[in-house]
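Just run13.cif here, mmCIF, C-alpha atoms and all ligand atoms:
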```
data_work
loop_
_atom_site.group_PDB
_atom_site.id
_atom_site.type_symbol
_atom_site.label_atom_id
_atom_site.label_comp_id
_atom_site.auth_asym_id
_atom_site.auth_seq_id
_atom_site.Cartn_x
_atom_site.Cartn_y
_atom_site.Cartn_z
ATOM 1 C CA MET A 1 0.000 0.000 0.000
ATOM 2 C CA PRO A 2 1.486 3.348 -0.929
ATOM 3 C CA GLU A 3 1.725 6.010 1.741
ATOM 4 C CA PRO A 4 0.168 9.221 0.396
ATOM 5 C CA ASP A 5 1.530 11.200 3.328
ATOM 6 C CA ARG A 6 5.120 10.553 2.468
ATOM 7 C CA PRO A 7 5.364 12.227 -0.923
ATOM 8 C CA ALA A 8 3.353 15.144 0.465
ATOM 9 C CA GLY A 9 5.879 15.524 3.278
ATOM 10 C CA VAL A 10 8.758 15.459 0.849
ATOM 11 C CA PHE A 11 6.966 17.928 -1.369
ATOM 12 C CA SER A 12 6.417 20.408 1.443
ATOM 13 C CA ARG A 13 10.133 20.849 2.068
ATOM 14 C CA PRO A 14 11.228 24.172 0.656
ATOM 15 C CA ARG A 15 14.431 22.828 -0.930
ATOM 16 C CA ALA A 16 14.958 20.654 -3.995
ATOM 17 C CA ARG A 17 12.595 22.447 -6.349
ATOM 18 C CA LEU A 18 13.841 20.493 -9.332
ATOM 19 C CA ALA A 19 12.877 17.222 -7.712
ATOM 20 C CA VAL A 20 9.336 18.377 -7.116
ATOM 21 C CA ALA A 21 8.012 17.558 -10.573
ATOM 22 C CA CYS A 22 9.210 13.951 -10.296
ATOM 23 C CA VAL A 23 7.861 13.556 -6.787
ATOM 24 C CA THR A 24 4.545 15.002 -7.865
ATOM 25 C CA ALA A 25 4.209 12.617 -10.768
ATOM 26 C CA VAL A 26 5.031 9.627 -8.600
ATOM 27 C CA ALA A 27 2.702 10.769 -5.823
ATOM 28 C CA THR A 28 -0.176 11.352 -8.200
ATOM 29 C CA ALA A 29 0.301 7.998 -9.864
ATOM 30 C CA ALA A 30 0.460 6.269 -6.498
ATOM 31 C CA LEU A 31 -2.712 7.958 -5.331
ATOM 32 C CA LEU A 32 -4.620 7.165 -8.489
ATOM 33 C CA SER A 33 -3.670 3.496 -8.466
ATOM 34 C CA GLY A 34 -3.652 3.018 -4.702
ATOM 35 C CA CYS A 35 -6.891 4.767 -3.864
ATOM 36 C CA GLY A 36 -8.906 3.719 -6.887
ATOM 37 C CA GLY A 37 -9.812 7.281 -7.794
ATOM 38 C CA ASP A 38 -12.365 9.183 -5.787
ATOM 39 C CA SER A 39 -13.270 12.035 -8.020
ATOM 40 C CA SER A 40 -16.909 11.185 -8.650
ATOM 41 C CA GLY A 41 -19.951 12.032 -6.603
ATOM 42 C CA ASN A 42 -20.988 11.573 -3.009
ATOM 43 C CA THR A 43 -21.959 7.919 -3.278
ATOM 44 C CA SER A 44 -18.467 6.567 -3.790
ATOM 45 C CA ASN A 45 -17.124 9.033 -1.249
ATOM 46 C CA ALA A 46 -19.439 7.690 1.421
ATOM 47 C CA SER A 47 -18.031 4.228 0.888
ATOM 48 C CA ALA A 48 -14.510 5.621 0.958
ATOM 49 C CA ASP A 49 -15.259 7.085 4.379
ATOM 50 C CA ALA A 50 -16.598 3.755 5.577
ATOM 51 C CA VAL A 51 -13.477 1.959 4.390
ATOM 52 C CA ALA A 52 -11.255 4.545 6.060
ATOM 53 C CA SER A 53 -12.960 4.192 9.429
ATOM 54 C CA ALA A 54 -12.981 0.408 9.187
ATOM 55 C CA SER A 55 -9.224 0.264 8.634
ATOM 56 C CA PRO A 56 -7.665 3.552 9.702
ATOM 57 C CA SER A 57 -4.137 2.319 9.111
ATOM 58 C CA ALA A 58 -4.868 1.834 5.414
ATOM 59 C CA ASN A 59 -5.066 5.535 4.715
ATOM 60 C CA MET A 60 -4.638 7.975 7.564
ATOM 61 C CA THR A 61 -5.292 10.969 5.356
ATOM 62 C CA GLU A 62 -8.946 9.959 5.057
ATOM 63 C CA MET A 63 -9.234 10.546 8.799
ATOM 64 C CA ASP A 64 -8.345 14.198 8.427
ATOM 65 C CA GLY A 65 -11.963 15.050 7.604
ATOM 66 C CA MET A 66 -12.788 14.572 11.261
ATOM 67 C CA ALA A 67 -10.179 17.060 12.396
ATOM 68 C CA MET A 68 -10.269 20.836 12.453
ATOM 69 C CA GLY A 69 -6.833 21.605 11.157
ATOM 70 C CA ASP A 70 -3.124 20.935 11.353
ATOM 71 C CA PRO A 71 -0.762 23.904 10.934
ATOM 72 C CA SER A 72 2.043 21.596 9.785
ATOM 73 C CA ALA A 73 0.015 19.831 7.059
ATOM 74 C CA THR A 74 0.903 20.435 3.414
ATOM 75 C CA PRO A 75 -0.927 23.673 2.561
ATOM 76 C CA ALA A 76 -3.662 23.720 -0.068
ATOM 77 C CA ASP A 77 -1.585 25.663 -2.589
ATOM 78 C CA LYS A 78 1.092 22.929 -2.519
ATOM 79 C CA ILE A 79 -1.095 19.848 -2.994
ATOM 80 C CA PRO A 80 0.230 17.772 -5.919
ATOM 81 C CA GLY A 81 -2.191 17.414 -8.804
ATOM 82 C CA ALA A 82 -4.936 19.569 -7.287
ATOM 83 C CA ASP A 83 -6.993 22.421 -8.734
ATOM 84 C CA VAL A 84 -6.480 25.402 -6.437
ATOM 85 C CA VAL A 85 -8.568 28.526 -5.980
ATOM 86 C CA LYS A 86 -7.892 31.297 -3.524
ATOM 87 C CA GLY A 87 -9.439 34.353 -1.963
ATOM 88 C CA ALA A 88 -8.386 37.416 0.001
ATOM 89 C CA PHE A 89 -10.139 38.041 3.311
ATOM 90 C CA ARG A 90 -12.118 41.268 3.480
ATOM 91 C CA LEU A 91 -13.248 42.788 6.772
ATOM 92 C CA LEU A 92 -16.947 42.512 7.546
ATOM 93 C CA ASP A 93 -19.018 45.186 9.290
ATOM 94 C CA THR A 94 -19.985 42.555 11.851
ATOM 95 C CA ARG A 95 -16.417 42.273 13.187
ATOM 96 C CA PRO A 96 -15.793 42.900 16.883
ATOM 97 C CA PRO A 97 -13.684 45.847 18.095
ATOM 98 C CA GLY A 98 -9.923 45.511 17.679
ATOM 99 C CA MET A 99 -10.124 43.482 14.478
ATOM 100 C CA ASP A 100 -9.570 46.329 12.013
ATOM 101 C CA ASP A 101 -6.129 45.100 10.911
ATOM 102 C CA VAL A 102 -7.098 41.531 10.061
ATOM 103 C CA LYS A 103 -5.793 40.512 6.646
ATOM 104 C CA GLY A 104 -5.188 37.174 5.036
ATOM 105 C CA THR A 105 -5.687 34.624 2.329
ATOM 106 C CA ALA A 106 -7.496 31.309 1.989
ATOM 107 C CA TRP A 107 -6.783 28.546 -0.525
ATOM 108 C CA LEU A 108 -9.073 25.679 -1.513
ATOM 109 C CA ALA A 109 -7.538 22.719 -3.368
ATOM 110 C CA GLN A 110 -9.430 19.829 -4.916
ATOM 111 C CA GLY A 111 -7.527 16.795 -6.076
ATOM 112 C CA PRO A 112 -7.006 13.063 -5.629
ATOM 113 C CA LYS A 113 -7.248 13.376 -1.831
ATOM 114 C CA GLY A 114 -10.475 15.392 -1.853
ATOM 115 C CA THR A 115 -10.561 18.953 -0.569
ATOM 116 C CA THR A 116 -7.815 20.767 1.301
ATOM 117 C CA VAL A 117 -8.345 24.233 2.766
ATOM 118 C CA THR A 118 -5.672 26.534 4.174
ATOM 119 C CA VAL A 119 -6.192 29.856 5.918
ATOM 120 C CA SER A 120 -3.453 32.326 6.791
ATOM 121 C CA LEU A 121 -4.254 35.535 8.654
ATOM 122 C CA THR A 122 -2.470 38.389 10.401
ATOM 123 C CA GLY A 123 -3.751 41.170 12.653
ATOM 124 C CA LEU A 124 -5.458 38.733 15.046
ATOM 125 C CA LYS A 125 -5.335 38.995 18.840
ATOM 126 C CA PRO A 126 -2.266 37.076 20.071
ATOM 127 C CA GLY A 127 -3.156 33.868 21.893
ATOM 128 C CA GLU A 128 -6.837 33.994 20.893
ATOM 129 C CA GLU A 129 -8.590 31.070 19.203
ATOM 130 C CA TYR A 130 -10.371 31.483 15.900
ATOM 131 C CA MET A 131 -12.643 29.342 13.749
ATOM 132 C CA SER A 132 -13.125 29.356 9.997
ATOM 133 C CA HIS A 133 -15.830 27.524 8.069
ATOM 134 C CA LEU A 134 -16.504 27.055 4.400
ATOM 135 C CA HIS A 135 -19.726 28.931 3.634
ATOM 136 C CA ALA A 136 -22.268 28.310 0.896
ATOM 137 C CA SER A 137 -22.853 31.861 -0.377
ATOM 138 C CA PRO A 138 -20.518 34.589 -1.630
ATOM 139 C CA CYS A 139 -19.410 37.238 0.861
ATOM 140 C CA SER A 140 -21.669 39.784 -0.836
ATOM 141 C CA ALA A 141 -24.719 37.603 -0.087
ATOM 142 C CA ASP A 142 -25.377 37.838 3.638
ATOM 143 C CA ASN A 143 -21.666 37.686 4.537
ATOM 144 C CA GLY A 144 -21.327 34.154 3.165
ATOM 145 C CA GLY A 145 -24.734 32.860 4.288
ATOM 146 C CA GLU A 146 -25.002 29.374 5.740
ATOM 147 C CA HIS A 147 -22.186 26.898 6.266
ATOM 148 C CA PHE A 148 -21.276 24.770 3.282
ATOM 149 C CA GLN A 149 -22.466 21.178 3.843
ATOM 150 C CA PHE A 150 -21.677 18.115 1.743
ATOM 151 C CA GLU A 151 -25.118 16.731 2.647
ATOM 152 C CA LYS A 152 -27.499 19.627 3.045
ATOM 153 C CA GLY A 153 -29.452 19.419 6.276
ATOM 154 C CA GLY A 154 -26.983 16.869 7.644
ATOM 155 C CA ALA A 155 -24.600 17.111 10.575
ATOM 156 C CA THR A 156 -23.296 20.567 11.421
ATOM 157 C CA THR A 157 -19.872 19.169 12.294
ATOM 158 C CA PRO A 158 -16.930 17.827 10.278
ATOM 159 C CA PRO A 159 -16.732 15.856 8.095
ATOM 160 C CA ASN A 160 -20.112 17.083 6.751
ATOM 161 C CA GLU A 161 -18.840 20.656 7.118
ATOM 162 C CA VAL A 162 -15.318 22.022 6.796
ATOM 163 C CA HIS A 163 -14.075 23.732 9.963
ATOM 164 C CA LEU A 164 -10.624 25.114 10.741
ATOM 165 C CA MET A 165 -9.691 26.012 14.309
ATOM 166 C CA PHE A 166 -6.455 27.804 15.074
ATOM 167 C CA THR A 167 -4.754 30.020 17.645
ATOM 168 C CA ALA A 168 -3.034 33.291 16.819
ATOM 169 C CA ASP A 169 0.652 33.388 17.713
ATOM 170 C CA LYS A 170 2.463 36.143 19.606
ATOM 171 C CA SER A 171 2.543 38.322 16.509
ATOM 172 C CA GLY A 172 -1.177 37.894 15.818
ATOM 173 C CA MET A 173 -0.637 35.491 12.946
ATOM 174 C CA GLY A 174 -2.734 32.374 12.558
ATOM 175 C CA MET A 175 -2.742 29.650 9.942
ATOM 176 C CA THR A 176 -3.845 26.073 9.543
ATOM 177 C CA THR A 177 -4.818 23.461 6.967
ATOM 178 C CA VAL A 178 -7.594 20.879 6.963
ATOM 179 C CA ASN A 179 -8.429 18.000 4.630
ATOM 180 C CA ASN A 180 -11.758 16.415 3.750
ATOM 181 C CA SER A 181 -12.013 13.280 1.632
ATOM 182 C CA ARG A 182 -14.895 14.725 -0.417
ATOM 183 C CA LYS A 183 -14.789 17.440 -3.059
ATOM 184 C CA THR A 184 -16.790 20.621 -2.586
ATOM 185 C CA GLY A 185 -17.034 21.445 -6.283
ATOM 186 C CA LYS A 186 -17.931 25.123 -6.570
ATOM 187 C CA ASP A 187 -20.550 24.996 -3.827
ATOM 188 C CA ALA A 188 -18.233 26.281 -1.107
ATOM 189 C CA ALA A 189 -18.274 29.830 -2.398
ATOM 190 C CA ALA A 190 -16.568 31.540 0.511
ATOM 191 C CA ILE A 191 -14.826 31.137 3.841
ATOM 192 C CA VAL A 192 -15.532 33.142 6.988
ATOM 193 C CA VAL A 193 -13.404 33.615 10.101
ATOM 194 C CA HIS A 194 -15.024 33.965 13.514
ATOM 195 C CA PRO A 195 -13.736 34.393 17.073
ATOM 196 C CA GLN A 196 -13.927 30.941 18.657
ATOM 197 C CA LYS A 197 -15.606 32.487 21.727
ATOM 198 C CA ALA A 198 -18.289 34.246 19.667
ATOM 199 C CA MET A 199 -19.039 32.085 16.665
ATOM 200 C CA ASP A 200 -21.970 34.227 15.499
ATOM 201 C CA ASN A 201 -19.558 37.077 15.055
ATOM 202 C CA ARG A 202 -18.105 37.298 11.551
ATOM 203 C CA ILE A 203 -14.719 39.032 11.330
ATOM 204 C CA ALA A 204 -13.793 38.628 7.675
ATOM 205 C CA CYS A 205 -14.849 36.744 4.561
ATOM 206 C CA ALA A 206 -13.020 35.580 1.427
ATOM 207 C CA ASP A 207 -14.612 34.608 -1.899
ATOM 208 C CA PHE A 208 -12.846 31.798 -3.766
ATOM 209 C CA ASP A 209 -11.921 32.664 -7.347
ATOM 210 C CA PHE A 210 -13.476 29.644 -9.069
HETATM 211 CU CU CU B 301 -18.632 30.332 9.656
#
```

Take the structure from the file and write it as C-alpha cells.
Ligand SMILES: [Cu+2]
Amino acid sequence: MPEPDRPAGVFSRPRARLAVACVTAVATAALLSGCGGDSSGNTSNASADAVASASPSANMTEMDGMAMGDPSATPADKIPGADVVKGAFRLLDTRPPGMDDVKGTAWLAQGPKGTTVTVSLTGLKPGEEYMSHLHASPCSADNGGEHFQFEKGGATTPPNEVHLMFTADKSGMGMTTVNNSRKTGKDAAAIVVHPQKAMDNRIACADFDF
C-alpha cells in the first residue's frame, strides 16, 4: 500500500525544487492506483469514508476530515495534482472591536485526496482562538450565508462541514490546513473567520476565485 503522506511531506520541504516535478508525478500515480480514484460524486465518497474508518491504518489521510486543522500539514496551494482557488479576506461590518487590521488569504484545493483548505491571517489577537468555516454563499450575499455542507441538512460538524480552528501566535498570525475526503465542487463559495468564543460574530470573509 502506498503512503500518500510521504510524498506530500517530501513535497512540502522548501528545498529541492527540481525534484518536485518527479515527486509530484510519482505521488499522483500512487494515489490514483492506490486509492482507486475518488473524483466522482458523493456515493463513492461515502463508501470511501466507511473503508477509512474500518481500517484507519490503510489511509490515515482519510481521517483528516474529522479534524479541524493541522498547521504543519501540506498547505492547499502545494497539494500535488490539485486544482487550487484562492481568496483574500475582506473585513466585515460585523467584526468585533480591535479586528480592524485583520488581513489574510485562503486557498481551496481539490484533487485526488479530496478537498484541502488553508487559511493564513495576520492582525489577530495574540493567543486567541479562531474558527473558519466554508460557507455556501458569496461574501456579498449575507456575509457568506449558511455553512457549506456536503449533505445539506446533515450534521453541522466535520466531516459534513469544513471547519478550521487555530490560535493566533504572539505576533497575531494564525494559519492552519484541513483536509476532507470529499470534493466541494464550486458549492463552497466563501470562507468566513469567527472568534472561537463568539461564533456568530463574523470578522472577515473571502470569496474563492473559481
Ligand atoms: Cu462560519

Using only C-alpha atoms and all ligand atoms, which protein or nucleic acid residues are at most 9 Å from ligand CU 301 (chain B), as JSON, numbers by chain?
{"A": [131, 132, 133, 134, 135, 144, 145, 146, 147, 148, 163, 191, 192, 193, 194, 199, 200, 201, 202]}

Using the chain letters and numbers from the file, which residues does the PyMOL selection byres (((chain A and resi 183) around 7) and not hetatm) grab, as a list in words?
Gln110, Gly114, Thr115, Ser181, Arg182, Thr184 and Gly185 of chain A

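Distance annotation: of A:Gln149, A:Ser72, A:Thr156, A:Thr177, the residue with the minimal separation from Ala106 in chain A is A:Thr177; atom set is all atoms listed in the file.
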
Atomic separation - CA of Pro112 in chain A relative to CA of Val84 in chain A, Å
12.4 Å

Which residues match the PyMOL selection byres (((chain A and resi 128) around 10) and not hetatm) in the file above, as number ranges by chain?
A: 124-127, 129-130, 166-170, 172, 174, 195-197
